[in-house]
There are 4 protein chains.
Amino acid sequence: MIDFRSDNTGRAAPEILEALIRANHGTALGYGGDDYTATLQQRFSELFEIAVRVFPVATGTAANALALASLGPSWGNVYCSEVAHINTAEANATGFFGGGLKLVPVAGDHGKIGAAALAETLAGISPGQIHRGRPAAVSLTQATDLGAVYSLDEIRGVAEVAKARGLKLHIDGARFANATARLGCSPAEPTWRAGIDIMSFGATKNGGALCDAIVVFAPEIADIVAVQLRRAGQVWSKMRFASAQLIAYVENGLWLDMARASNAIAARIAAGLRELPGARLLAPVEANEIFLELPSTTMDALETDGFQFYRRSRTLARFVCRFDSTEAEADALLTALRRDLGAITAPHAAE
Amino acid sequence: MIDFRSDNTGRAAPEILEALIRANHGTALGYGGDDYTATLQQRFSELFEIAVRVFPVATGTAANALALASLGPSWGNVYCSEVAHINTAEANATGFFGGGLKLVPVAGDHGKIGAAALAETLAGISPGQIHRGRPAAVSLTQATDLGAVYSLDEIRGVAEVAKARGLKLHIDGARFANATARLGCSPAEPTWRAGIDIMSFGATKNGGALCDAIVVFAPEIADIVAVQLRRAGQVWSKMRFASAQLIAYVENGLWLDMARASNAIAARIAAGLRELPGARLLAPVEANEIFLELPSTTMDALETDGFQFYRRSRTLARFVCRFDSTEAEADALLTALRRDLGAITAPHAAE
Amino acid sequence: MIDFRSDNTGRAAPEILEALIRANHGTALGYGGDDYTATLQQRFSELFEIAVRVFPVATGTAANALALASLGPSWGNVYCSEVAHINTAEANATGFFGGGLKLVPVAGDHGKIGAAALAETLAGISPGQIHRGRPAAVSLTQATDLGAVYSLDEIRGVAEVAKARGLKLHIDGARFANATARLGCSPAEPTWRAGIDIMSFGATKNGGALCDAIVVFAPEIADIVAVQLRRAGQVWSKMRFASAQLIAYVENGLWLDMARASNAIAARIAAGLRELPGARLLAPVEANEIFLELPSTTMDALETDGFQFYRRSRTLARFVCRFDSTEAEADALLTALRRDLGAITAPHAAE
Amino acid sequence: MIDFRSDNTGRAAPEILEALIRANHGTALGYGGDDYTATLQQRFSELFEIAVRVFPVATGTAANALALASLGPSWGNVYCSEVAHINTAEANATGFFGGGLKLVPVAGDHGKIGAAALAETLAGISPGQIHRGRPAAVSLTQATDLGAVYSLDEIRGVAEVAKARGLKLHIDGARFANATARLGCSPAEPTWRAGIDIMSFGATKNGGALCDAIVVFAPEIADIVAVQLRRAGQVWSKMRFASAQLIAYVENGLWLDMARASNAIAARIAAGLRELPGARLLAPVEANEIFLELPSTTMDALETDGFQFYRRSRTLARFVCRFDSTEAEADALLTALRRDLGAITAPHAAE
């Protein structure tokens, strides 16, 4: 079996689990009052080149929903891509934690929000039209749910529109490592320097084990996040075991090394696909995910051959590369696709 | 420093972290679709001598609030002790997750609910009095928040009153291991055999690391718990790392061994206190916690001597024993108390 | 000034206020335990030709949000038109009262949901995909927010798709009188006989004063509605004054008489517009609302002439007819439009 | 039958309904944009001797829950009397609208909160103890739920404690007219001059028909109230019909005249009871309610005689006087009680 199902089916980086073991000595104050959690604040502040507050959480859903619930009143509108994970795959956690907070889809390509589309949507609500909800925040998914990556200019463009209207900005960074590796910039650039107030900082999908994090750039939000997390049952009493994982995750650039690895495998597959005329990508492969239009019979054949992946519709397959996916696995997939799609496209070639 | 602050300041049992390491191989389906989580169901079903559903969660607050939110309509009343953790120390997570669910205190001794007091409280709401809220569930804390343990008969008594009115029953078992070790019975006895529908099964305070669990005895509730946990961001995508911890926690009776160890240290201290006429316990020491009325000057002296503990009020100190607390630590505390309280009680003795 | 702003700017029918006055004698049990409320149940049961439960409420927003909140779990999805009032103009009351209930837009023409579009949307969520939310209910707006009316077959078509998947059905009937007058059928036809479980029964926009109602066809929902209304502060203690209004509203067909009157004025305007080549309607005029694409300069001219109406965008004007709108007012509007649009379209005519 | 059941079983003042009729002319902007609602703001600002914002609402439950939901974060604690209507009789509307807002009972006599008891309760939560909830507001019931009235000094005393801790202050004034009539002071005194930020201004129980109001003294809260009311379905589109009622309610002191009338009947009964040794009042009769300990057989006898009242427990009867209760009804009750209790107390007298 070759597993391209998801980046959460994989192992954790050994460095992360070893850090957890090393943290198991002596006693430590609970709920984040320990030394590891203090160190975590420093490490992330260094990483982002500004003083931030970091809150470990159990899952990306918790990170997203609680970050957004901290940004606006419960009658707020949060603008996001129609295909955003928060809109399609979190059982409306944001609406729940936000007490009725509403997700409003905004048009864009490849899972992004377009700045112009956002401006047009916002123009539909005049200040004072309280029956329409209050525009409160924008959530960008970086990398997007279709495997694309916002450029710095794209983020700045959306941020400019949002800030002009007084909206807060959130990044769902479940695959922020992959996007940052792709951009090759400091993590400060696509975040606070571009106007982002708060982010969900993913680790699990990129070699983490049991925690992600909320990173707060806008200091006035941090205490609200803290109390919401406590009430949400997202504050481990033995927090050191979570903080130690996140410290190890960013230590010596481990997080970017792993992201580069999974990105590289995805890029290798994408490069191979370019030579296959029958293969249509739904979005450019800029991170570690590949969304590929495939005939249903081709998907059947791949599964028979032992490839694991998700069928997103009858004609859409998703392949996800992990930090420990191998070039051999990528090549095996390309070989199979070449065979299957070649057979299909042959008649066309004959025309 | 000798640490009696809390059972969450301590280490995790090495067996639990080792299990986490051992689970780090190959790929596994996310969100609980893995083999470890399947094994977890079996182990807990064996432990409780009945088919149960087990859901790992990050914290006890999550376990309590989401278990209770699954039991009743959002206009329900949940009856609990006034000193119950859910009522005093979880930022009203139950009210939040329950969409307005209301906690209603019921009188009782030592952190317990009395069956007669519950009956009287329930008599105040006739069926049909919708403005009073709907009696929905009872939550018992076992061991209680004052360190006492419900006897099986006490649980059955409360359950009988509750069931007669159609209420569901929940146990907050943050220290269920300590209570069960004390009772010396099968965990089936104080739970489903006594009528309990769902419980928060604590591990963190008793040598766990990063997860507790919800155990569901009433099968019709389980699917509701599942979806609420997912929406609450309490379902790890790499669930195997949580399930492996919980499997190790109950393997070979580890959980009860650890609870017996912390109970024994607490009992040793309690025995020593009986010889100190100035020491007044707030409740019998039946688990691993000691609530002791002490003069404020005595608390000052203890802190000067390097003892760590919580001051619950100006005259109430809490000492908590952990699975790795030692007899030497207990004896050091008794020696200090003997000295401090002896000095105070001397004048009385002289009378 | 000639007012086409809304059907809620108008007077109340004198019969309704007189009924309120007549109810002001003696004492009566509060919260709906009075004789008027009992009579209301009978009258509406006769009207709908089946035993129904009727709950007076203060507003249509309350009716919609609380009806929908009674249909599904808080993790449910409610399918509606993108332009539905519940989605655009109630500050997400449904999401709030529903504890996170999510509105999901479904495609369709003229403010309707299409049965095929609904089927396709539902196909995107397999049972068991709890992260996608649970399909819970469909809400139809009758008449639609663009002034069209579902035919009986259209309602039945949507209902068939919904019921096949176990979904509940709601009608937002803020203008149900107008739609029913248009269809010329028994109110039973587009409601329970077509599979509707619950409806918001509007009165305010059609000559009512201070109350609308929730009508429950599915008996098992009624008690949940009752308690939700009480908690929502929607149960008047002096309920007789609300029930008396609603009794008068349906007495001797008053509600349909008023709806026919406002429909007729709208139809008169629509007929006149057909002779104006420059006038483009957004949807067929089947009730009492007209959505008309107009040049911004034409709208300016109308306002200068004393016409009141809403500008829904730079090029979209909405004109609403009330039960007491007059033929003279309609004709005045047509005369003005003829003049303004004639000037614009003249060059075209000259071609 | 002589009805002492409640002040909501009664008629409305004719002046109020006539005002409603008079408002039924011409067209008016919806949702509070009308002239009546503008006038209402002026009248109440004059009444309270300061600029206030007034929001008509359908019920007292809506007024209380939405006022309190506007005062604090959803993790806030609201302190109130254990017998407060918000705590016992509104199906936890405050917890629901407040998104988990928690009501915390504070000790006191006759349905009041004591300033010292409040201070002691607040002392139990240090700033920063986020797990205990955030002290957010205090709610006083004036007149209390046991028929007593806070003196100005008592309100100021509670307010001082609350303000020292940064808490907001709310009055549940379902019977504010009765309390103000009793105190004989300007309504400014027990409200904003004493530090109150917001109040529920009751009308229904004192001769109103279909609306109560929220009165906001702290300007920064008003816009939050406005949006919450809209989302809660508490903003009538034909608002003029509500505002006209409230204008009539306070015009020429009608509200205080009616309250004086009901207070006087209650005082007449209370005076008669003082001569009956067997009659034990639960609280001083300072408004229009009488809580009387009575043998169950006496209650039976009263009911047989045609008196209507509520049995609050087996030995507690509540009698409520309305603005149109008569001296003859009061005397009839006293006569019956004299006979019934005389029979009971006779043996004692013989001893």
# chains A, B, ... in the order shown; residues from 1 in each chain; ligands from 1

call {"tool": "closest_atom_pairs", "arguments": {"of": "chain A", "to": "chain C", "cutoff": "6 Å", "atoms": "only C-alpha atoms", "output": "JSON lines"}}
result
{"residue": "A:Thr88", "atom": "CA", "partner": "C:Arg132", "partner_atom": "CA", "distance": 5.7}
{"residue": "A:Ala89", "atom": "CA", "partner": "C:His131", "partner_atom": "CA", "distance": 4.8}
{"residue": "A:Glu90", "atom": "CA", "partner": "C:His131", "partner_atom": "CA", "distance": 5.0}
{"residue": "A:Ala91", "atom": "CA", "partner": "C:Gly133", "partner_atom": "CA", "distance": 4.5}
{"residue": "A:Gly95", "atom": "CA", "partner": "C:Gly100", "partner_atom": "CA", "distance": 4.6}
{"residue": "A:Phe96", "atom": "CA", "partner": "C:Gly100", "partner_atom": "CA", "distance": 4.1}
{"residue": "A:Gly99", "atom": "CA", "partner": "C:Phe96", "partner_atom": "CA", "distance": 6.0}
{"residue": "A:Gly100", "atom": "CA", "partner": "C:Phe96", "partner_atom": "CA", "distance": 4.1}
{"residue": "A:His131", "atom": "CA", "partner": "C:Ala91", "partner_atom": "CA", "distance": 4.5}
{"residue": "A:Arg132", "atom": "CA", "partner": "C:Ala89", "partner_atom": "CA", "distance": 4.9}
{"residue": "A:Gly133", "atom": "CA", "partner": "C:Ala91", "partner_atom": "CA", "distance": 4.5}

call {"tool": "write_last_selection", "arguments": {"atoms": "N, CA and C atoms", "output": "PDB file, in the first residue's frame"}}
result
ATOM      1  N   THR A  88     -16.234  23.865   5.218  1.00  0.00           N
ATOM      2  CA  THR A  88     -16.692  22.589   4.657  1.00  0.00           C
ATOM      3  C   THR A  88     -16.428  21.381   5.540  1.00  0.00           C
ATOM      4  N   ALA A  89     -15.492  21.499   6.493  1.00  0.00           N
ATOM      5  CA  ALA A  89     -15.017  20.260   7.107  1.00  0.00           C
ATOM      6  C   ALA A  89     -14.826  20.335   8.611  1.00  0.00           C
ATOM      7  N   GLU A  90     -15.437  21.307   9.263  1.00  0.00           N
ATOM      8  CA  GLU A  90     -15.250  21.369  10.714  1.00  0.00           C
ATOM      9  C   GLU A  90     -16.590  21.397  11.446  1.00  0.00           C
ATOM     10  N   ALA A  91     -17.617  20.825  10.804  1.00  0.00           N
ATOM     11  CA  ALA A  91     -18.938  20.725  11.442  1.00  0.00           C
ATOM     12  C   ALA A  91     -19.406  22.068  11.992  1.00  0.00           C
ATOM     13  N   GLY A  95     -19.050  28.578  13.740  1.00  0.00           N
ATOM     14  CA  GLY A  95     -20.387  29.072  14.081  1.00  0.00           C
ATOM     15  C   GLY A  95     -20.753  28.731  15.515  1.00  0.00           C
ATOM     16  N   PHE A  96     -20.349  27.553  15.957  1.00  0.00           N
ATOM     17  CA  PHE A  96     -20.659  27.138  17.323  1.00  0.00           C
ATOM     18  C   PHE A  96     -19.861  27.940  18.348  1.00  0.00           C
ATOM     19  N   GLY A  99     -20.794  31.503  18.726  1.00  0.00           N
ATOM     20  CA  GLY A  99     -22.134  31.857  19.203  1.00  0.00           C
ATOM     21  C   GLY A  99     -23.059  32.332  18.099  1.00  0.00           C
ATOM     22  N   GLY A 100     -22.862  31.805  16.884  1.00  0.00           N
ATOM     23  CA  GLY A 100     -23.691  32.229  15.775  1.00  0.00           C
ATOM     24  C   GLY A 100     -22.901  32.984  14.713  1.00  0.00           C
ATOM     25  N   HIS A 131     -29.081  44.284  10.367  1.00  0.00           N
ATOM     26  CA  HIS A 131     -29.737  43.020  10.012  1.00  0.00           C
ATOM     27  C   HIS A 131     -28.881  42.170   9.074  1.00  0.00           C
ATOM     28  N   ARG A 132     -27.849  42.745   8.517  1.00  0.00           N
ATOM     29  CA  ARG A 132     -27.007  41.969   7.604  1.00  0.00           C
ATOM     30  C   ARG A 132     -25.797  41.339   8.310  1.00  0.00           C
ATOM     31  N   GLY A 133     -25.706  41.487   9.627  1.00  0.00           N
ATOM     32  CA  GLY A 133     -24.527  41.010  10.352  1.00  0.00           C
ATOM     33  C   GLY A 133     -23.413  42.030  10.232  1.00  0.00           C
TER      34      GLY A 133
END

call {"tool": "residues_around", "arguments": {"residues": "stretch 279-281 of chain B", "least_positions_apart": "5", "cutoff": "12 Å", "atoms": "only C-alpha atoms", "output": "MDAnalysis selection string"}}
result
chainID B and resid 110 146:148 269:274 286 289:295 298 315:319 334 337:338 340:342 344:345

call {"tool": "select_by_dssp", "arguments": {"residues": "stretch 141-259 of chain D", "states": "strand (DSSP E)", "output": "PyMOL selection string"}}
result
chain D and resi 141+168-173+198-201+212-216

call {"tool": "residues_around", "arguments": {"residues": "A:Ala13", "least_positions_apart": "3", "cutoff": "12 Å", "atoms": "only C-alpha atoms", "output": "PyMOL selection string"}}
result
(chain A and resi 10+16-20+203-210+245-246+248-250+254-255+257-259+322-324) or (chain B and resi 21+24-25)

call {"tool": "residues_around", "arguments": {"residues": "A:Ile171", "least_positions_apart": "6", "cutoff": "8 Å", "atoms": "only C-alpha atoms", "output": "list in words"}}
result
Ser139, Leu140, Thr141, Gln142, Thr191, Ile196, Ile198, Met199 and Ser200 of chain A

call {"tool": "select_by_dssp", "arguments": {"residues": "stretch 73-301 of chain D", "states": "helix (DSSP H, G or I)", "output": "PyMOL selection string"}}
result
chain D and resi 85-88+93-97+115-123+130-132+152-164+176-183+192-194+204-206+219-231+240-273+296-301
